[in-house]
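protein-v1.csv, holding CSV, C-alpha atoms and all ligand atoms:
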chain,number,residue,atom,x,y,z
C,1,MET,CA,102.2,88.7,81.5
C,2,ALA,CA,104.5,90.0,84.2
C,3,SER,CA,107.7,89.3,82.2
C,4,LEU,CA,106.3,91.0,79.0
C,5,ILE,CA,105.4,94.3,80.7
C,6,GLN,CA,107.9,94.3,83.6
C,7,GLY,CA,108.8,98.0,84.1
C,8,ALA,CA,105.6,99.3,82.6
C,9,THR,CA,104.3,102.9,83.3
C,10,LEU,CA,100.6,103.7,83.2
C,11,MET,CA,100.7,107.3,81.8
C,12,HIS,CA,97.3,108.8,82.7
C,13,GLU,CA,95.7,107.8,86.0
C,14,HIS,CA,93.9,109.4,89.0
C,15,MET,CA,94.2,107.7,92.4
C,16,HIS,CA,92.4,110.4,94.4
C,17,LEU,CA,90.0,112.6,92.5
C,18,ASP,CA,87.0,114.6,93.2
C,19,LEU,CA,85.0,116.2,90.4
C,20,SER,CA,81.7,115.9,92.3
C,21,ARG,CA,81.6,119.6,93.1
C,22,ILE,CA,80.8,120.3,89.5
C,23,LYS,CA,79.5,117.0,88.2
C,24,LYS,CA,77.1,116.6,91.1
C,25,ASP,CA,77.6,112.9,91.1
C,26,PRO,CA,79.1,111.2,94.1
C,27,ASP,CA,80.5,108.5,91.8
C,28,THR,CA,83.0,111.1,90.5
C,29,CYS,CA,84.5,111.3,94.0
C,30,LEU,CA,87.3,108.7,93.8
C,31,ASP,CA,88.5,108.4,97.4
C,32,CYS,CA,88.6,104.7,98.0
C,33,THR,CA,92.1,104.4,99.5
C,34,GLN,CA,92.1,100.8,100.5
C,35,GLU,CA,90.4,99.5,97.3
C,36,THR,CA,92.8,101.5,95.2
C,37,LEU,CA,95.8,100.1,97.1
C,38,GLU,CA,94.6,96.6,96.6
C,39,GLU,CA,94.4,97.2,92.8
C,40,LEU,CA,97.9,98.8,92.8
C,41,ARG,CA,99.3,95.7,94.5
C,42,LYS,CA,97.8,93.7,91.6
C,43,LEU,CA,99.4,96.0,89.1
C,44,ARG,CA,102.8,95.6,90.8
C,45,LYS,CA,102.5,91.8,90.3
C,46,GLN,CA,101.6,92.4,86.6
C,47,GLY,CA,104.9,94.3,86.2
C,48,VAL,CA,103.7,97.9,86.5
C,49,THR,CA,106.4,99.8,88.3
C,50,ARG,CA,105.4,103.4,87.7
C,51,ILE,CA,102.1,105.4,87.4
C,52,LEU,CA,101.8,109.0,86.2
C,53,ASP,CA,99.0,110.6,88.3
C,54,VAL,CA,97.6,113.5,86.3
C,55,THR,CA,95.4,114.9,89.0
C,56,ASN,CA,96.0,118.6,89.8
C,57,THR,CA,94.8,121.6,91.7
C,58,GLY,CA,91.0,121.6,91.8
C,59,MET,CA,90.7,117.9,90.9
C,60,GLY,CA,91.4,116.6,94.4
C,61,ARG,CA,95.1,116.0,94.2
C,62,ASP,CA,96.4,114.7,97.5
C,63,HIS,CA,100.2,114.5,97.7
C,64,ASP,CA,100.4,112.7,101.0
C,65,LEU,CA,97.9,110.0,99.9
C,66,LEU,CA,99.9,109.4,96.7
C,67,ASP,CA,103.1,109.1,98.7
C,68,TRP,CA,101.4,106.6,101.0
C,69,LEU,CA,100.1,104.6,98.1
C,70,GLU,CA,103.5,104.6,96.6
C,71,GLN,CA,105.1,103.3,99.8
C,72,GLU,CA,102.5,100.6,100.4
C,73,SER,CA,102.3,99.4,96.8
C,74,GLY,CA,105.9,99.6,95.7
C,75,ILE,CA,104.9,101.4,92.6
C,76,ARG,CA,106.5,104.8,91.9
C,77,ILE,CA,103.8,107.4,91.6
C,78,LEU,CA,104.6,110.7,89.8
C,79,HIS,CA,102.6,113.8,90.6
C,80,SER,CA,101.4,116.5,88.3
C,81,THR,CA,100.9,120.3,88.5
C,82,GLY,CA,98.5,122.7,86.8
C,83,TRP,CA,94.8,123.1,86.4
C,84,TYR,CA,92.3,121.0,84.5
C,85,LYS,CA,89.8,122.9,82.3
C,86,ASP,CA,86.6,124.9,82.5
C,87,PRO,CA,84.5,124.6,84.7
C,88,PHE,CA,86.9,122.8,87.0
C,89,ILE,CA,89.3,125.6,87.6
C,90,PRO,CA,88.8,126.6,91.2
C,91,ASP,CA,87.7,130.1,92.2
C,92,GLY,CA,90.6,132.5,92.4
C,93,TRP,CA,92.7,130.7,89.7
C,94,SER,CA,90.8,131.6,86.6
C,95,GLU,CA,91.6,135.3,87.0
C,96,LYS,CA,95.3,134.8,87.2
C,97,SER,CA,97.7,135.7,84.4
C,98,PRO,CA,99.7,133.0,82.5
C,99,GLU,CA,102.8,134.2,84.3
C,100,GLU,CA,101.2,133.8,87.7
C,101,LEU,CA,99.9,130.3,86.9
C,102,ALA,CA,103.3,129.4,85.5
C,103,ASP,CA,105.1,130.5,88.7
C,104,VAL,CA,103.0,128.0,90.7
C,105,MET,CA,103.8,125.2,88.3
C,106,ILE,CA,107.5,126.0,88.2
C,107,ARG,CA,107.6,126.2,92.0
C,108,GLU,CA,105.9,122.8,92.3
C,109,ILE,CA,108.3,121.2,89.8
C,110,ARG,CA,111.5,122.7,91.2
C,111,SER,CA,110.5,121.7,94.7
C,112,GLY,CA,110.1,118.1,93.5
C,113,LYS,CA,106.4,118.0,94.3
C,114,ALA,CA,105.4,117.5,90.7
C,115,VAL,CA,107.2,116.3,87.6
C,116,VAL,CA,104.6,116.7,84.9
C,117,ILE,CA,102.4,119.6,83.8
C,118,GLY,CA,98.9,118.1,83.4
C,119,GLU,CA,96.3,117.2,82.8
C,120,ILE,CA,95.5,120.6,81.2
C,121,GLY,CA,92.6,120.6,78.8
C,122,THR,CA,90.2,122.1,76.4
C,123,SER,CA,86.4,121.8,76.3
C,124,LYS,CA,84.4,120.0,73.6
C,125,ASN,CA,85.1,121.8,70.4
C,126,ARG,CA,85.8,124.9,72.4
C,127,TRP,CA,89.0,126.4,73.8
C,128,THR,CA,87.9,129.0,76.4
C,129,ASP,CA,89.9,132.0,77.5
C,130,ASN,CA,90.7,130.4,80.8
C,131,GLU,CA,91.9,127.3,79.1
C,132,ARG,CA,94.1,129.4,76.7
C,133,ARG,CA,95.7,131.1,79.7
C,134,LEU,CA,96.4,127.6,81.1
C,135,PHE,CA,98.1,126.5,77.9
C,136,GLU,CA,100.1,129.7,77.8
C,137,ALA,CA,101.2,129.1,81.4
C,138,ALA,CA,102.1,125.5,80.6
C,139,VAL,CA,104.4,126.7,77.8
C,140,LEU,CA,106.2,129.1,80.2
C,141,ALA,CA,106.5,126.4,82.8
C,142,HIS,CA,107.8,123.8,80.3
C,143,LYS,CA,110.4,126.3,79.0
C,144,ALA,CA,111.6,127.0,82.6
C,145,THR,CA,111.8,123.4,83.7
C,146,GLY,CA,111.7,121.1,80.7
C,147,ALA,CA,108.8,119.2,82.3
C,148,PRO,CA,106.6,117.1,80.0
C,149,VAL,CA,103.0,118.4,79.3
C,150,TYR,CA,100.1,116.0,79.3
C,151,THR,CA,96.9,117.4,77.9
C,152,HIS,CA,93.2,116.5,78.1
C,153,THR,CA,91.0,116.6,75.0
C,154,THR,CA,87.3,116.3,75.3
C,155,MET,CA,86.3,113.4,73.1
C,156,SER,CA,89.5,114.0,71.1
C,157,THR,CA,88.3,117.4,69.9
C,158,LEU,CA,90.9,120.2,69.3
C,159,ALA,CA,93.7,117.6,69.6
C,160,LEU,CA,95.4,118.9,66.5
C,161,GLU,CA,95.0,122.5,67.6
C,162,GLN,CA,96.6,121.6,71.0
C,163,ALA,CA,99.6,119.9,69.3
C,164,GLN,CA,100.1,122.7,66.9
C,165,TYR,CA,99.8,125.4,69.6
C,166,LEU,CA,102.3,123.7,72.0
C,167,THR,CA,104.9,122.8,69.3
C,168,GLY,CA,104.4,126.2,67.7
C,169,GLN,CA,105.2,127.9,71.0
C,170,GLY,CA,108.4,125.9,71.3
C,171,VAL,CA,107.5,123.0,73.6
C,172,GLU,CA,109.6,120.1,72.7
C,173,PRO,CA,107.3,117.7,70.7
C,174,ASP,CA,108.5,114.6,72.4
C,175,LYS,CA,107.7,116.1,75.8
C,176,ILE,CA,104.0,116.5,74.8
C,177,VAL,CA,101.3,113.9,75.2
C,178,ILE,CA,97.9,114.7,73.7
C,179,GLY,CA,95.4,112.8,75.8
C,180,HIS,CA,92.3,110.8,75.2
C,181,MET,CA,92.9,110.2,71.5
C,182,ASP,CA,91.2,106.9,71.8
C,183,LEU,CA,87.7,108.3,72.5
C,184,ALA,CA,86.9,108.9,68.9
C,185,GLN,CA,87.7,106.6,66.0
C,186,ASP,CA,89.3,109.2,63.9
C,187,MET,CA,92.5,107.8,62.3
C,188,ASP,CA,92.9,110.8,60.1
C,189,ARG,CA,93.1,113.2,63.0
C,190,ILE,CA,95.4,110.8,64.9
C,191,ARG,CA,97.8,110.8,61.9
C,192,LYS,CA,97.8,114.6,61.6
C,193,VAL,CA,98.5,114.9,65.4
C,194,LEU,CA,101.3,112.4,65.2
C,195,LYS,CA,102.8,114.3,62.2
C,196,THR,CA,103.5,117.3,64.6
C,197,GLY,CA,106.0,115.0,66.4
C,198,VAL,CA,104.0,114.7,69.7
C,199,ASN,CA,102.9,111.6,71.6
C,200,ILE,CA,99.3,110.6,72.0
C,201,GLY,CA,97.5,108.8,74.8
C,202,PHE,CA,95.3,105.8,74.2
C,203,ASP,CA,94.6,106.4,77.8
C,204,THR,CA,90.9,105.5,78.3
C,205,ILE,CA,91.2,101.8,77.7
C,206,GLY,CA,88.1,100.0,78.9
C,207,LYS,CA,85.7,102.9,78.6
C,208,SER,CA,83.5,101.0,76.2
C,209,ASP,CA,80.6,103.5,76.6
C,210,TYR,CA,82.6,105.9,74.4
C,211,LEU,CA,84.4,103.4,72.2
C,212,PRO,CA,84.6,99.6,72.4
C,213,ASP,CA,88.1,98.2,73.1
C,214,GLU,CA,87.9,96.2,69.8
C,215,LYS,CA,88.1,99.5,67.9
C,216,ARG,CA,91.1,100.6,70.0
C,217,VAL,CA,92.7,97.3,69.1
C,218,GLN,CA,92.1,97.9,65.4
C,219,MET,CA,93.4,101.5,65.6
C,220,LEU,CA,96.6,100.3,67.3
C,221,LEU,CA,97.1,97.6,64.7
C,222,GLU,CA,96.9,100.3,62.0
C,223,LEU,CA,99.3,102.6,63.8
C,224,GLU,CA,101.8,99.7,64.2
C,225,ALA,CA,101.5,98.8,60.5
C,226,GLU,CA,102.1,102.5,59.6
C,227,GLY,CA,105.2,102.8,61.8
C,228,LEU,CA,103.6,105.3,64.1
C,229,ILE,CA,103.3,103.2,67.3
C,230,ASP,CA,106.4,104.5,69.1
C,231,HIS,CA,104.5,107.7,69.9
C,232,VAL,CA,101.5,106.1,71.6
C,233,VAL,CA,101.2,105.5,75.3
C,234,LEU,CA,98.5,103.5,77.2
C,235,SER,CA,96.4,104.0,80.4
C,236,MET,CA,92.9,103.5,81.8
C,237,ASP,CA,92.0,106.9,83.2
C,238,ILE,CA,90.0,105.6,86.1
C,239,THR,CA,87.9,108.5,87.4
C,240,ARG,CA,84.9,106.9,89.2
C,241,LYS,CA,84.3,104.7,92.1
C,242,SER,CA,82.2,102.4,89.9
C,243,GLN,CA,85.2,101.8,87.7
C,244,LEU,CA,87.1,100.1,90.5
C,245,GLN,CA,86.9,96.3,90.8
C,246,ALA,CA,85.6,96.5,94.3
C,247,PHE,CA,82.5,98.2,92.9
C,248,GLY,CA,82.0,96.1,89.9
C,249,GLY,CA,84.2,98.0,87.4
C,250,LYS,CA,87.1,96.9,85.3
C,251,GLY,CA,89.7,98.5,87.5
C,252,TYR,CA,93.3,99.4,86.7
C,253,PRO,CA,94.4,95.8,86.2
C,254,TRP,CA,92.1,95.5,83.2
C,255,LEU,CA,94.8,96.8,80.9
C,256,ALA,CA,97.3,94.0,81.5
C,257,ASP,CA,94.7,91.3,82.2
C,258,HIS,CA,92.3,91.9,79.3
C,259,PHE,CA,93.4,94.6,76.9
C,260,ILE,CA,97.0,93.3,76.2
C,261,PRO,CA,95.8,89.8,75.6
C,262,SER,CA,93.3,91.2,73.0
C,263,LEU,CA,96.1,93.1,71.3
C,264,LEU,CA,98.3,90.0,71.1
C,265,GLU,CA,95.4,87.9,69.9
C,266,ALA,CA,94.8,90.4,67.1
C,267,GLY,CA,98.4,90.1,66.0
C,268,LEU,CA,100.1,93.1,67.6
C,269,GLN,CA,103.8,92.3,68.2
C,270,PRO,CA,104.8,91.7,71.9
C,271,ASP,CA,107.6,94.2,71.3
C,272,THR,CA,105.1,96.9,70.4
C,273,ILE,CA,103.4,96.4,73.7
C,274,ARG,CA,106.8,96.9,75.5
C,275,GLN,CA,107.3,100.0,73.3
C,276,MET,CA,104.0,101.6,74.4
C,277,LEU,CA,104.2,100.6,78.1
C,278,ILE,CA,107.9,100.8,78.8
C,279,ARG,CA,110.2,102.4,76.2
C,280,THR,CA,108.0,105.4,75.2
C,281,PRO,CA,107.1,106.3,78.8
C,282,ASP,CA,110.8,106.1,79.7
C,283,ARG,CA,111.7,108.3,76.8
C,284,ILE,CA,109.1,111.0,77.8
C,285,LEU,CA,109.5,110.8,81.6
C,286,GLY,CA,113.1,109.6,81.9
C,287,GLU,CA,114.3,106.2,82.8
C,288,GLN,CA,113.1,104.7,86.0
C,289,THR,CA,115.5,104.6,88.9
C,301,ZN,ZN,91.2,113.8,81.0

Please, can you express the file's structure as structure tokens?
Ligand SMILES: [Zn+2]
Amino acid sequence: MASLIQGATLMHEHMHLDLSRIKKDPDTCLDCTQETLEELRKLRKQGVTRILDVTNTGMGRDHDLLDWLEQESGIRILHSTGWYKDPFIPDGWSEKSPEELADVMIREIRSGKAVVIGEIGTSKNRWTDNERRLFEAAVLAHKATGAPVYTHTTMSTLALEQAQYLTGQGVEPDKIVIGHMDLAQDMDRIRKVLKTGVNIGFDTIGKSDYLPDEKRVQMLLELEAEGLIDHVVLSMDITRKSQLQAFGGKGYPWLADHFIPSLLEAGLQPDTIRQMLIRTPDRILGEQT
């Protein structure tokens, strides 16, 4: 497998995350440094050379820890800036104007602390005022820096609205990734979103409680057949301790160890896998150095 995906980027991960303040569930505090490092070392052997960590302010982002994991694992880790969604926006930030929020993002990007705006999101079938200000700020920050924007959709809802809003405001379509499009089996919505020119994330691979991986495989086969696959990226979106291998979960290595073999077995072309894991991420984030 290593040769097929050598140079791969996982486009939507969290390596230190704490949503337990709101979710009131200690499982949603992902702070297992050593266990995470062990998995990253496995990824490196699989051929993963870069991970986009989309944890931001209020989600438990830890720049120093990410730098340490990068150093110890040999995998380049890219950091993100921004705020997540309601009700995870920390006190003091939800009152800020889009301009004030954008200033923080721009500063973090220009200083090299972050390279991507994300993950910024909407609620389930609902786009709150706070979330609207976040998206306005993301547009301003993108225009000032050119940084890619990675969004969160809740169960894929409002995906088309996000894509239309961002492209309508002048964000470069190919610098947009609409996240979590593999949580609902809605090919019609996926086609409409892709028609706006943006990229989409099949970034919750392995989360079978929401959608079994076999359905994800089917959807990707359809997208390949329709010539739409070059705007799809892959990731696992690990967010809980129990999703790590050390605690009985599938872990980050699941993607290369289990999901890719399923795709190949179903008839997806090996080159399509390289497109989703290597060429499209390189196009969005820039070539790896
Ligand atoms: Zn998300």

### Message
Taking all atoms listed in the file into account, list the residues no farther than 10 Å from ligand ZN 301 (chain C), as an MDAnalysis selection string.
### Response
chainID C and resid 12:14 54:55 84:85 118:122 150:155 178:180 203:204 237:239

Save out the residues we just selected, C-alpha atoms, as a PDB file, in the coordinates of the input.
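again_19.pdb was written with the following content:
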ATOM      1  CA  HIS C  12      97.300 108.800  82.700  1.00  0.00           C
ATOM      2  CA  GLU C  13      95.700 107.800  86.000  1.00  0.00           C
ATOM      3  CA  HIS C  14      93.900 109.400  89.000  1.00  0.00           C
ATOM      4  CA  VAL C  54      97.600 113.500  86.300  1.00  0.00           C
ATOM      5  CA  THR C  55      95.400 114.900  89.000  1.00  0.00           C
ATOM      6  CA  TYR C  84      92.300 121.000  84.500  1.00  0.00           C
ATOM      7  CA  LYS C  85      89.800 122.900  82.300  1.00  0.00           C
ATOM      8  CA  GLY C 118      98.900 118.100  83.400  1.00  0.00           C
ATOM      9  CA  GLU C 119      96.300 117.200  82.800  1.00  0.00           C
ATOM     10  CA  ILE C 120      95.500 120.600  81.200  1.00  0.00           C
ATOM     11  CA  GLY C 121      92.600 120.600  78.800  1.00  0.00           C
ATOM     12  CA  THR C 122      90.200 122.100  76.400  1.00  0.00           C
ATOM     13  CA  TYR C 150     100.100 116.000  79.300  1.00  0.00           C
ATOM     14  CA  THR C 151      96.900 117.400  77.900  1.00  0.00           C
ATOM     15  CA  HIS C 152      93.200 116.500  78.100  1.00  0.00           C
ATOM     16  CA  THR C 153      91.000 116.600  75.000  1.00  0.00           C
ATOM     17  CA  THR C 154      87.300 116.300  75.300  1.00  0.00           C
ATOM     18  CA  MET C 155      86.300 113.400  73.100  1.00  0.00           C
ATOM     19  CA  ILE C 178      97.900 114.700  73.700  1.00  0.00           C
ATOM     20  CA  GLY C 179      95.400 112.800  75.800  1.00  0.00           C
ATOM     21  CA  HIS C 180      92.300 110.800  75.200  1.00  0.00           C
ATOM     22  CA  ASP C 203      94.600 106.400  77.800  1.00  0.00           C
ATOM     23  CA  THR C 204      90.900 105.500  78.300  1.00  0.00           C
ATOM     24  CA  ASP C 237      92.000 106.900  83.200  1.00  0.00           C
ATOM     25  CA  ILE C 238      90.000 105.600  86.100  1.00  0.00           C
ATOM     26  CA  THR C 239      87.900 108.500  87.400  1.00  0.00           C
TER      27      THR C 239
END

### Message
Could you check the closest approach to Met187 of chain C for each of C:Val115, C:Leu234, C:Leu30, C:Leu220 and tell me which residue wins, using only C-alpha atoms?
### Response
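Checking each of C:Val115, C:Leu234, C:Leu30, C:Leu220 against Met187 of chain C, counting only C-alpha atoms, the winner is C:Leu220.
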
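Comparing the minimum interatomic distances between Glu172 of chain C and each of C:Leu263, C:Leu160, C:Ile284, C:Ile75, counting only C-alpha atoms, we find that C:Ile284 sits nearest.
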
### Interatomic distance, atom CA of Arg44 of chain C to atom CA of Gly82 of chain C (Å, one decimal)
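These atoms are spaced 27.7 Å apart.
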
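Separating atom CA of Lys241 of chain C from atom CA of Thr128 of chain C is a distance of 29.2 Å.
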
Reconstruct N, CA, C and O atoms of segment 211-234 of chain C; output as a PDB file, in the frame of the given file.
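That gives us result-v5.pdb:
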ATOM      1  N   LEU C 211      83.853 104.120  73.341  1.00  0.00           N
ATOM      2  CA  LEU C 211      84.400 103.400  72.200  1.00  0.00           C
ATOM      3  C   LEU C 211      84.743 101.971  72.659  1.00  0.00           C
ATOM      4  O   LEU C 211      85.473 101.816  73.639  1.00  0.00           O
ATOM      5  N   PRO C 212      84.239 100.945  71.990  1.00  0.00           N
ATOM      6  CA  PRO C 212      84.600  99.600  72.400  1.00  0.00           C
ATOM      7  C   PRO C 212      86.084  99.319  72.244  1.00  0.00           C
ATOM      8  O   PRO C 212      86.704  99.841  71.312  1.00  0.00           O
ATOM      9  N   ASP C 213      86.625  98.508  73.136  1.00  0.00           N
ATOM     10  CA  ASP C 213      88.100  98.200  73.100  1.00  0.00           C
ATOM     11  C   ASP C 213      88.467  97.580  71.738  1.00  0.00           C
ATOM     12  O   ASP C 213      89.598  97.755  71.289  1.00  0.00           O
ATOM     13  N   GLU C 214      87.540  96.831  71.105  1.00  0.00           N
ATOM     14  CA  GLU C 214      87.900  96.200  69.800  1.00  0.00           C
ATOM     15  C   GLU C 214      88.317  97.272  68.796  1.00  0.00           C
ATOM     16  O   GLU C 214      89.204  97.054  67.969  1.00  0.00           O
ATOM     17  N   LYS C 215      87.693  98.434  68.867  1.00  0.00           N
ATOM     18  CA  LYS C 215      88.100  99.500  67.900  1.00  0.00           C
ATOM     19  C   LYS C 215      89.447 100.066  68.293  1.00  0.00           C
ATOM     20  O   LYS C 215      90.232 100.412  67.405  1.00  0.00           O
ATOM     21  N   ARG C 216      89.712 100.148  69.610  1.00  0.00           N
ATOM     22  CA  ARG C 216      91.100 100.600  70.000  1.00  0.00           C
ATOM     23  C   ARG C 216      92.107  99.620  69.480  1.00  0.00           C
ATOM     24  O   ARG C 216      93.172 100.027  69.017  1.00  0.00           O
ATOM     25  N   VAL C 217      91.809  98.333  69.576  1.00  0.00           N
ATOM     26  CA  VAL C 217      92.700  97.300  69.100  1.00  0.00           C
ATOM     27  C   VAL C 217      93.002  97.523  67.591  1.00  0.00           C
ATOM     28  O   VAL C 217      94.153  97.552  67.136  1.00  0.00           O
ATOM     29  N   GLN C 218      91.932  97.711  66.843  1.00  0.00           N
ATOM     30  CA  GLN C 218      92.100  97.900  65.400  1.00  0.00           C
ATOM     31  C   GLN C 218      92.935  99.141  65.070  1.00  0.00           C
ATOM     32  O   GLN C 218      93.800  99.113  64.205  1.00  0.00           O
ATOM     33  N   MET C 219      92.676 100.237  65.812  1.00  0.00           N
ATOM     34  CA  MET C 219      93.400 101.500  65.600  1.00  0.00           C
ATOM     35  C   MET C 219      94.916 101.272  65.872  1.00  0.00           C
ATOM     36  O   MET C 219      95.782 101.735  65.135  1.00  0.00           O
ATOM     37  N   LEU C 220      95.203 100.557  66.957  1.00  0.00           N
ATOM     38  CA  LEU C 220      96.600 100.300  67.300  1.00  0.00           C
ATOM     39  C   LEU C 220      97.296  99.439  66.283  1.00  0.00           C
ATOM     40  O   LEU C 220      98.477  99.649  65.967  1.00  0.00           O
ATOM     41  N   LEU C 221      96.569  98.455  65.738  1.00  0.00           N
ATOM     42  CA  LEU C 221      97.100  97.600  64.700  1.00  0.00           C
ATOM     43  C   LEU C 221      97.503  98.467  63.475  1.00  0.00           C
ATOM     44  O   LEU C 221      98.572  98.296  62.867  1.00  0.00           O
ATOM     45  N   GLU C 222      96.619  99.393  63.138  1.00  0.00           N
ATOM     46  CA  GLU C 222      96.900 100.300  62.000  1.00  0.00           C
ATOM     47  C   GLU C 222      98.134 101.148  62.264  1.00  0.00           C
ATOM     48  O   GLU C 222      98.990 101.323  61.400  1.00  0.00           O
ATOM     49  N   LEU C 223      98.206 101.683  63.482  1.00  0.00           N
ATOM     50  CA  LEU C 223      99.300 102.600  63.800  1.00  0.00           C
ATOM     51  C   LEU C 223     100.653 101.760  63.812  1.00  0.00           C
ATOM     52  O   LEU C 223     101.693 102.271  63.398  1.00  0.00           O
ATOM     53  N   GLU C 224     100.586 100.513  64.257  1.00  0.00           N
ATOM     54  CA  GLU C 224     101.800  99.700  64.200  1.00  0.00           C
ATOM     55  C   GLU C 224     102.217  99.437  62.769  1.00  0.00           C
ATOM     56  O   GLU C 224     103.389  99.581  62.414  1.00  0.00           O
ATOM     57  N   ALA C 225     101.235  99.112  61.913  1.00  0.00           N
ATOM     58  CA  ALA C 225     101.500  98.800  60.500  1.00  0.00           C
ATOM     59  C   ALA C 225     102.102 100.071  59.806  1.00  0.00           C
ATOM     60  O   ALA C 225     102.922  99.960  58.889  1.00  0.00           O
ATOM     61  N   GLU C 226     101.692 101.253  60.247  1.00  0.00           N
ATOM     62  CA  GLU C 226     102.100 102.500  59.600  1.00  0.00           C
ATOM     63  C   GLU C 226     103.429 103.037  60.223  1.00  0.00           C
ATOM     64  O   GLU C 226     103.880 104.127  59.869  1.00  0.00           O
ATOM     65  N   GLY C 227     103.967 102.310  61.210  1.00  0.00           N
ATOM     66  CA  GLY C 227     105.200 102.800  61.800  1.00  0.00           C
ATOM     67  C   GLY C 227     105.074 103.944  62.744  1.00  0.00           C
ATOM     68  O   GLY C 227     106.027 104.697  62.975  1.00  0.00           O
ATOM     69  N   LEU C 228     103.878 104.128  63.291  1.00  0.00           N
ATOM     70  CA  LEU C 228     103.600 105.300  64.100  1.00  0.00           C
ATOM     71  C   LEU C 228     103.487 104.956  65.626  1.00  0.00           C
ATOM     72  O   LEU C 228     103.234 105.829  66.454  1.00  0.00           O
ATOM     73  N   ILE C 229     103.662 103.694  65.948  1.00  0.00           N
ATOM     74  CA  ILE C 229     103.300 103.200  67.300  1.00  0.00           C
ATOM     75  C   ILE C 229     104.240 103.710  68.382  1.00  0.00           C
ATOM     76  O   ILE C 229     103.879 103.689  69.558  1.00  0.00           O
ATOM     77  N   ASP C 230     105.450 104.156  67.993  1.00  0.00           N
ATOM     78  CA  ASP C 230     106.400 104.500  69.100  1.00  0.00           C
ATOM     79  C   ASP C 230     106.073 105.893  69.685  1.00  0.00           C
ATOM     80  O   ASP C 230     106.819 106.382  70.534  1.00  0.00           O
ATOM     81  N   HIS C 231     104.955 106.494  69.285  1.00  0.00           N
ATOM     82  CA  HIS C 231     104.500 107.700  69.900  1.00  0.00           C
ATOM     83  C   HIS C 231     103.146 107.571  70.577  1.00  0.00           C
ATOM     84  O   HIS C 231     102.386 108.542  70.711  1.00  0.00           O
ATOM     85  N   VAL C 232     102.833 106.349  70.967  1.00  0.00           N
ATOM     86  CA  VAL C 232     101.500 106.100  71.600  1.00  0.00           C
ATOM     87  C   VAL C 232     101.792 105.501  73.001  1.00  0.00           C
ATOM     88  O   VAL C 232     102.634 104.614  73.169  1.00  0.00           O
ATOM     89  N   VAL C 233     101.067 106.038  73.990  1.00  0.00           N
ATOM     90  CA  VAL C 233     101.200 105.500  75.300  1.00  0.00           C
ATOM     91  C   VAL C 233      99.772 105.018  75.801  1.00  0.00           C
ATOM     92  O   VAL C 233      98.754 105.435  75.238  1.00  0.00           O
ATOM     93  N   LEU C 234      99.762 104.149  76.811  1.00  0.00           N
ATOM     94  CA  LEU C 234      98.500 103.500  77.200  1.00  0.00           C
ATOM     95  C   LEU C 234      98.176 103.810  78.697  1.00  0.00           C
ATOM     96  O   LEU C 234      99.071 103.989  79.525  1.00  0.00           O
TER      97      LEU C 234
END
